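Text of upload-v5.pdb (PDB, C-alpha atoms and all ligand atoms) as supplied:
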MODEL        1
ATOM      1  CA  MET A   1     105.258  65.256 105.418  1.00  0.00           C
ATOM      2  CA  SER A   2     101.934  66.491 104.106  1.00  0.00           C
ATOM      3  CA  ALA A   3     100.863  66.161 100.499  1.00  0.00           C
ATOM      4  CA  SER A   4      99.946  69.838 100.430  1.00  0.00           C
ATOM      5  CA  PRO A   5     100.796  71.610  97.170  1.00  0.00           C
ATOM      6  CA  ILE A   6     102.369  74.436  99.193  1.00  0.00           C
ATOM      7  CA  HIS A   7     105.010  72.202 100.631  1.00  0.00           C
ATOM      8  CA  SER A   8     107.771  73.392  98.349  1.00  0.00           C
ATOM      9  CA  ILE A   9     107.305  76.971  99.553  1.00  0.00           C
ATOM     10  CA  ALA A  10     107.374  76.373 103.295  1.00  0.00           C
ATOM     11  CA  VAL A  11     108.475  72.955 104.487  1.00  0.00           C
ATOM     12  CA  ALA A  12     107.534  73.176 108.155  1.00  0.00           C
ATOM     13  CA  PRO A  13     107.763  75.713 110.948  1.00  0.00           C
ATOM     14  CA  ASN A  14     111.357  76.594 111.828  1.00  0.00           C
ATOM     15  CA  THR A  15     112.662  74.907 108.695  1.00  0.00           C
ATOM     16  CA  CYS A  16     114.703  76.480 105.895  1.00  0.00           C
ATOM     17  CA  PRO A  17     112.806  76.040 102.587  1.00  0.00           C
ATOM     18  CA  THR A  18     116.131  75.867 100.735  1.00  0.00           C
ATOM     19  CA  CYS A  19     118.226  73.374 102.714  1.00  0.00           C
ATOM     20  CA  ALA A  20     115.436  71.889 104.914  1.00  0.00           C
ATOM     21  CA  ARG A  21     117.498  72.280 108.075  1.00  0.00           C
ATOM     22  CA  THR A  22     115.979  73.499 111.335  1.00  0.00           C
ATOM     23  CA  ILE A  23     116.523  77.096 112.384  1.00  0.00           C
ATOM     24  CA  ALA A  24     116.184  77.803 116.099  1.00  0.00           C
ATOM     25  CA  LEU A  25     113.961  80.851 116.618  1.00  0.00           C
ATOM     26  CA  ASN A  26     113.239  82.295 120.014  1.00  0.00           C
ATOM     27  CA  ASP A  27     110.337  84.714 120.273  1.00  0.00           C
ATOM     28  CA  PRO A  28     110.646  85.941 116.667  1.00  0.00           C
ATOM     29  CA  PRO A  29     109.096  89.218 115.447  1.00  0.00           C
ATOM     30  CA  PHE A  30     105.944  89.126 113.300  1.00  0.00           C
ATOM     31  CA  VAL A  31     107.884  89.464 110.065  1.00  0.00           C
ATOM     32  CA  ALA A  32     111.665  89.469 109.710  1.00  0.00           C
ATOM     33  CA  GLU A  33     114.310  89.121 107.031  1.00  0.00           C
ATOM     34  CA  LEU A  34     117.096  86.742 107.908  1.00  0.00           C
ATOM     35  CA  PRO A  35     119.660  84.600 106.135  1.00  0.00           C
ATOM     36  CA  CYS A  36     119.585  80.860 106.821  1.00  0.00           C
ATOM     37  CA  PRO A  37     122.433  80.205 109.296  1.00  0.00           C
ATOM     38  CA  HIS A  38     123.193  76.937 107.461  1.00  0.00           C
ATOM     39  CA  CYS A  39     122.980  77.658 103.707  1.00  0.00           C
ATOM     40  CA  HIS A  40     122.798  81.503 103.862  1.00  0.00           C
ATOM     41  CA  ALA A  41     119.686  81.621 101.651  1.00  0.00           C
ATOM     42  CA  PRO A  42     117.849  84.952 102.124  1.00  0.00           C
ATOM     43  CA  LEU A  43     114.630  84.156 103.985  1.00  0.00           C
ATOM     44  CA  ILE A  44     111.528  85.896 105.270  1.00  0.00           C
ATOM     45  CA  LEU A  45     110.149  84.722 108.588  1.00  0.00           C
ATOM     46  CA  ILE A  46     106.433  85.099 109.287  1.00  0.00           C
ATOM     47  CA  ARG A  47     104.853  84.184 112.611  1.00  0.00           C
ATOM     48  CA  THR A  48     101.798  82.023 111.808  1.00  0.00           C
ATOM     49  CA  SER A  49      99.431  79.985 113.969  1.00  0.00           C
ATOM     50  CA  GLY A  50     101.514  76.945 112.962  1.00  0.00           C
ATOM     51  CA  GLY A  51     104.710  78.538 114.301  1.00  0.00           C
ATOM     52  CA  PRO A  52     107.451  80.709 112.792  1.00  0.00           C
ATOM     53  CA  THR A  53     107.430  79.888 109.082  1.00  0.00           C
ATOM     54  CA  LEU A  54     110.249  80.637 106.654  1.00  0.00           C
ATOM     55  CA  TYR A  55     109.876  81.509 102.978  1.00  0.00           C
ATOM     56  CA  PRO A  56     112.399  82.299 100.266  1.00  0.00           C
ATOM     57  CA  GLU A  57     112.847  86.067 100.302  1.00  0.00           C
ATOM     58  CA  LEU A  58     112.102  86.363  96.559  1.00  0.00           C
ATOM     59  CA  THR A  59     108.848  84.446  97.034  1.00  0.00           C
ATOM     60  CA  ALA A  60     107.466  86.247 100.072  1.00  0.00           C
ATOM     61  CA  THR A  61     108.557  89.871  99.653  1.00  0.00           C
ATOM     62  CA  PRO A  62     106.489  90.695  96.533  1.00  0.00           C
ATOM     63  CA  ILE A  63     103.347  89.247  98.145  1.00  0.00           C
ATOM     64  CA  ILE A  64     103.899  91.126 101.398  1.00  0.00           C
ATOM     65  CA  ASN A  65     104.517  94.364  99.499  1.00  0.00           C
ATOM     66  CA  ARG A  66     101.373  93.922  97.375  1.00  0.00           C
ATOM     67  CA  THR A  67      99.330  93.209 100.524  1.00  0.00           C
ATOM     68  CA  LEU A  68     100.613  96.316 102.312  1.00  0.00           C
ATOM     69  CA  HIS A  69     100.079  98.439  99.198  1.00  0.00           C
ATOM     70  CA  ALA A  70      96.508  97.159  98.704  1.00  0.00           C
ATOM     71  CA  LEU A  71      95.636  97.998 102.322  1.00  0.00           C
ATOM     72  CA  GLU A  72      97.560 101.311 102.300  1.00  0.00           C
ATOM     73  CA  LEU A  73      99.760 100.180 105.164  1.00  0.00           C
ATOM     74  CA  ARG A  74     103.420 101.091 105.498  1.00  0.00           C
ATOM     75  CA  SER A  75     104.885  98.118 107.341  1.00  0.00           C
ATOM     76  CA  ALA A  76     104.294  94.536 108.384  1.00  0.00           C
ATOM     77  CA  GLU A  77     103.844  95.796 111.953  1.00  0.00           C
ATOM     78  CA  GLU A  78     100.988  98.018 110.781  1.00  0.00           C
ATOM     79  CA  PHE A  79      99.407  94.996 109.090  1.00  0.00           C
ATOM     80  CA  HIS A  80      99.717  93.050 112.353  1.00  0.00           C
ATOM     81  CA  GLU A  81      98.027  95.859 114.306  1.00  0.00           C
ATOM     82  CA  TYR A  82      95.307  96.182 111.674  1.00  0.00           C
ATOM     83  CA  ILE A  83      94.369  92.496 111.907  1.00  0.00           C
ATOM     84  CA  VAL A  84      94.616  92.310 115.702  1.00  0.00           C
ATOM     85  CA  HIS A  85      92.251  95.261 116.139  1.00  0.00           C
ATOM     86  CA  ALA A  86      90.039  94.635 113.099  1.00  0.00           C
ATOM     87  CA  THR A  87      86.275  94.810 113.485  1.00  0.00           C
ATOM     88  CA  MET A  88      84.012  92.720 111.283  1.00  0.00           C
ATOM     89  CA  LEU A  89      83.693  95.726 108.971  1.00  0.00           C
ATOM     90  CA  ASP A  90      87.482  96.065 108.807  1.00  0.00           C
ATOM     91  CA  MET A  91      87.721  92.399 107.819  1.00  0.00           C
ATOM     92  CA  LEU A  92      85.105  92.877 105.099  1.00  0.00           C
ATOM     93  CA  LEU A  93      87.090  95.812 103.738  1.00  0.00           C
ATOM     94  CA  LEU A  94      90.285  93.773 103.932  1.00  0.00           C
ATOM     95  CA  CYS A  95      88.642  90.955 101.954  1.00  0.00           C
ATOM     96  CA  THR A  96      87.443  93.448  99.338  1.00  0.00           C
ATOM     97  CA  ASP A  97      90.829  95.157  99.026  1.00  0.00           C
ATOM     98  CA  LEU A  98      92.790  91.899  98.826  1.00  0.00           C
ATOM     99  CA  THR A  99      90.324  90.364  96.377  1.00  0.00           C
ATOM    100  CA  GLU A 100      90.780  93.454  94.192  1.00  0.00           C
ATOM    101  CA  GLU A 101      94.572  93.147  94.391  1.00  0.00           C
ATOM    102  CA  PHE A 102      94.961  89.374  94.037  1.00  0.00           C
ATOM    103  CA  GLY A 103      91.693  88.245  92.404  1.00  0.00           C
ATOM    104  CA  ASP A 104      90.553  86.032  95.275  1.00  0.00           C
ATOM    105  CA  TYR A 105      90.493  85.996  99.057  1.00  0.00           C
ATOM    106  CA  PRO A 106      88.719  83.733 101.569  1.00  0.00           C
ATOM    107  CA  ASP A 107      85.444  85.357 102.585  1.00  0.00           C
ATOM    108  CA  PRO A 108      85.113  85.378 105.527  1.00  0.00           C
ATOM    109  CA  PRO A 109      88.684  84.298 106.333  1.00  0.00           C
ATOM    110  CA  GLN A 110      87.725  82.488 109.544  1.00  0.00           C
ATOM    111  CA  HIS A 111      90.393  79.835 109.268  1.00  0.00           C
ATOM    112  CA  LEU A 112      93.074  82.531 109.286  1.00  0.00           C
ATOM    113  CA  LYS A 113      93.655  82.769 113.021  1.00  0.00           C
ATOM    114  CA  VAL A 114      96.523  85.221 113.403  1.00  0.00           C
ATOM    115  CA  PRO A 115      97.871  88.073 111.213  1.00  0.00           C
ATOM    116  CA  GLY A 116     100.636  85.858 109.795  1.00  0.00           C
ATOM    117  CA  ASP A 117      98.064  83.350 108.531  1.00  0.00           C
ATOM    118  CA  HIS A 118      96.755  85.957 106.076  1.00  0.00           C
ATOM    119  CA  LEU A 119     100.222  86.439 104.553  1.00  0.00           C
ATOM    120  CA  HIS A 120     100.798  82.676 104.617  1.00  0.00           C
ATOM    121  CA  TRP A 121      97.544  82.114 102.689  1.00  0.00           C
ATOM    122  CA  LEU A 122      98.440  84.728 100.079  1.00  0.00           C
ATOM    123  CA  ILE A 123     102.000  83.495  99.648  1.00  0.00           C
ATOM    124  CA  HIS A 124     100.870  79.910  99.190  1.00  0.00           C
ATOM    125  CA  LYS A 125      98.126  80.836  96.753  1.00  0.00           C
ATOM    126  CA  TYR A 126      99.856  83.486  94.698  1.00  0.00           C
ATOM    127  CA  ALA A 127     103.635  83.233  95.058  1.00  0.00           C
ATOM    128  CA  ALA A 128     104.039  80.686  92.275  1.00  0.00           C
ATOM    129  CA  ALA A 129     101.586  82.405  89.908  1.00  0.00           C
TER
HETATM  130 ZN    ZN B   1     119.089  76.858 104.636  1.00  0.00          ZN
ENDMDL
END
The structure given in the file should be rewritten as structure tokens.
Ligand SMILES: [Zn+2]
Amino acid sequence: MSASPIHSIAVAPNTCPTCARTIALNDPPFVAELPCPHCHAPLILIRTSGGPTLYPELTATPIINRTLHALELRSAEEFHEYIVHATMLDMLLLCTDLTEEFGDYPDPPQHLKVPGDHLHWLIHKYAAA
């Protein structure tokens, strides 16, 4: 267990944040809604560089929606495509837009390796606020 302050939001990859039991996930989509098969808590799955990570639906959905709205994207898949194909200028614009929406964003976000890491960062920083 890490001493990270985010640890109550996402316990570990493949782990339900509500009941802490493991959820087997084979080749999951980038973002998906699913109930925990054990405790039936509504969850959002996000594929991050650390593995498929699960968040309480009420925690993750508002952050994802604000992110998509700030970037004028319609879906999580569009966000994924945007990040995958982003140029350095695109990333600068993304930082500007997300800083405007949330008040802060890593600049440049080099430690965010895959599209899901951006959502993960935002959820951990802003979900509790
Ligand atoms: Zn559960």
Note to self: Every residue with an atom at most 12 Å from (116.1, 85.3, 104.4) (file coordinates; all atoms listed in the file) is what I'm after, so could you write them as number ranges by chain?
What the structure shows: A: 15-18, 23, 31-46, 53-61
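Excluding segment 69-81 of chain A and any residue on its chain fewer than 4 positions from it, the residues at most 9 Å away by all atoms listed in the file are Phe30, Val31, Ile64, Asn65, His85, Ala86, Leu93, Leu94, Asp97, Leu98, Glu100, Glu101, Val114, Pro115 and Gly116 of chain A.
Each of A:Thr96, A:Asn26, A:Asn14, A:Gln110 was checked against Thr67 of chain A using all atoms listed in the file; the smallest atom-to-atom distance is that of A:Thr96.
Here atom CA of Ala24 of chain A is placed at a distance of 9.8 Å from atom CA of Pro52 of chain A.
You will find atom CA of Pro28 of chain A at 22.4 Å from atom CA of His111 of chain A.
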Listed atoms of segment 15-20 of chain A boxed along x, y and z, 4 Å each side, centre and edge lengths in Å, one decimal, as JSON:
{"center_x": 115.4, "center_y": 74.2, "center_z": 104.7, "size_x": 13.6, "size_y": 12.6, "size_z": 16.0}
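One finds atom CA of Thr48 of chain A at 19.1 Å from atom CA of Asp107 of chain A.
Those DNA, RNA and protein residues that approach the point (97.8, 83.5, 92.7) to within 12 Å, considering all atoms listed in the file, are Thr59, Pro62, Ile63, Arg66, Leu98, Thr99, Glu101, Phe102, Gly103, Asp104, Tyr105, Trp121, Leu122, Ile123, His124, Lys125, Tyr126, Ala127, Ala128 and Ala129 of chain A.
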Could the residues in this selection be written to a file with C-alpha atoms, as a CSV table (one decimal), in the coordinates of the input?
chain,number,residue,atom,x,y,z
A,59,THR,CA,108.8,84.4,97.0
A,62,PRO,CA,106.5,90.7,96.5
A,63,ILE,CA,103.3,89.2,98.1
A,66,ARG,CA,101.4,93.9,97.4
A,98,LEU,CA,92.8,91.9,98.8
A,99,THR,CA,90.3,90.4,96.4
A,101,GLU,CA,94.6,93.1,94.4
A,102,PHE,CA,95.0,89.4,94.0
A,103,GLY,CA,91.7,88.2,92.4
A,104,ASP,CA,90.6,86.0,95.3
A,105,TYR,CA,90.5,86.0,99.1
A,121,TRP,CA,97.5,82.1,102.7
A,122,LEU,CA,98.4,84.7,100.1
A,123,ILE,CA,102.0,83.5,99.6
A,124,HIS,CA,100.9,79.9,99.2
A,125,LYS,CA,98.1,80.8,96.8
A,126,TYR,CA,99.9,83.5,94.7
A,127,ALA,CA,103.6,83.2,95.1
A,128,ALA,CA,104.0,80.7,92.3
A,129,ALA,CA,101.6,82.4,89.9
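Of the listed residues A:Thr22, A:Leu92, A:Asp27, A:Pro13, the one whose atoms come nearest to ligand ZN 1 (chain B) is A:Thr22, with distances taken using all atoms listed in the file.
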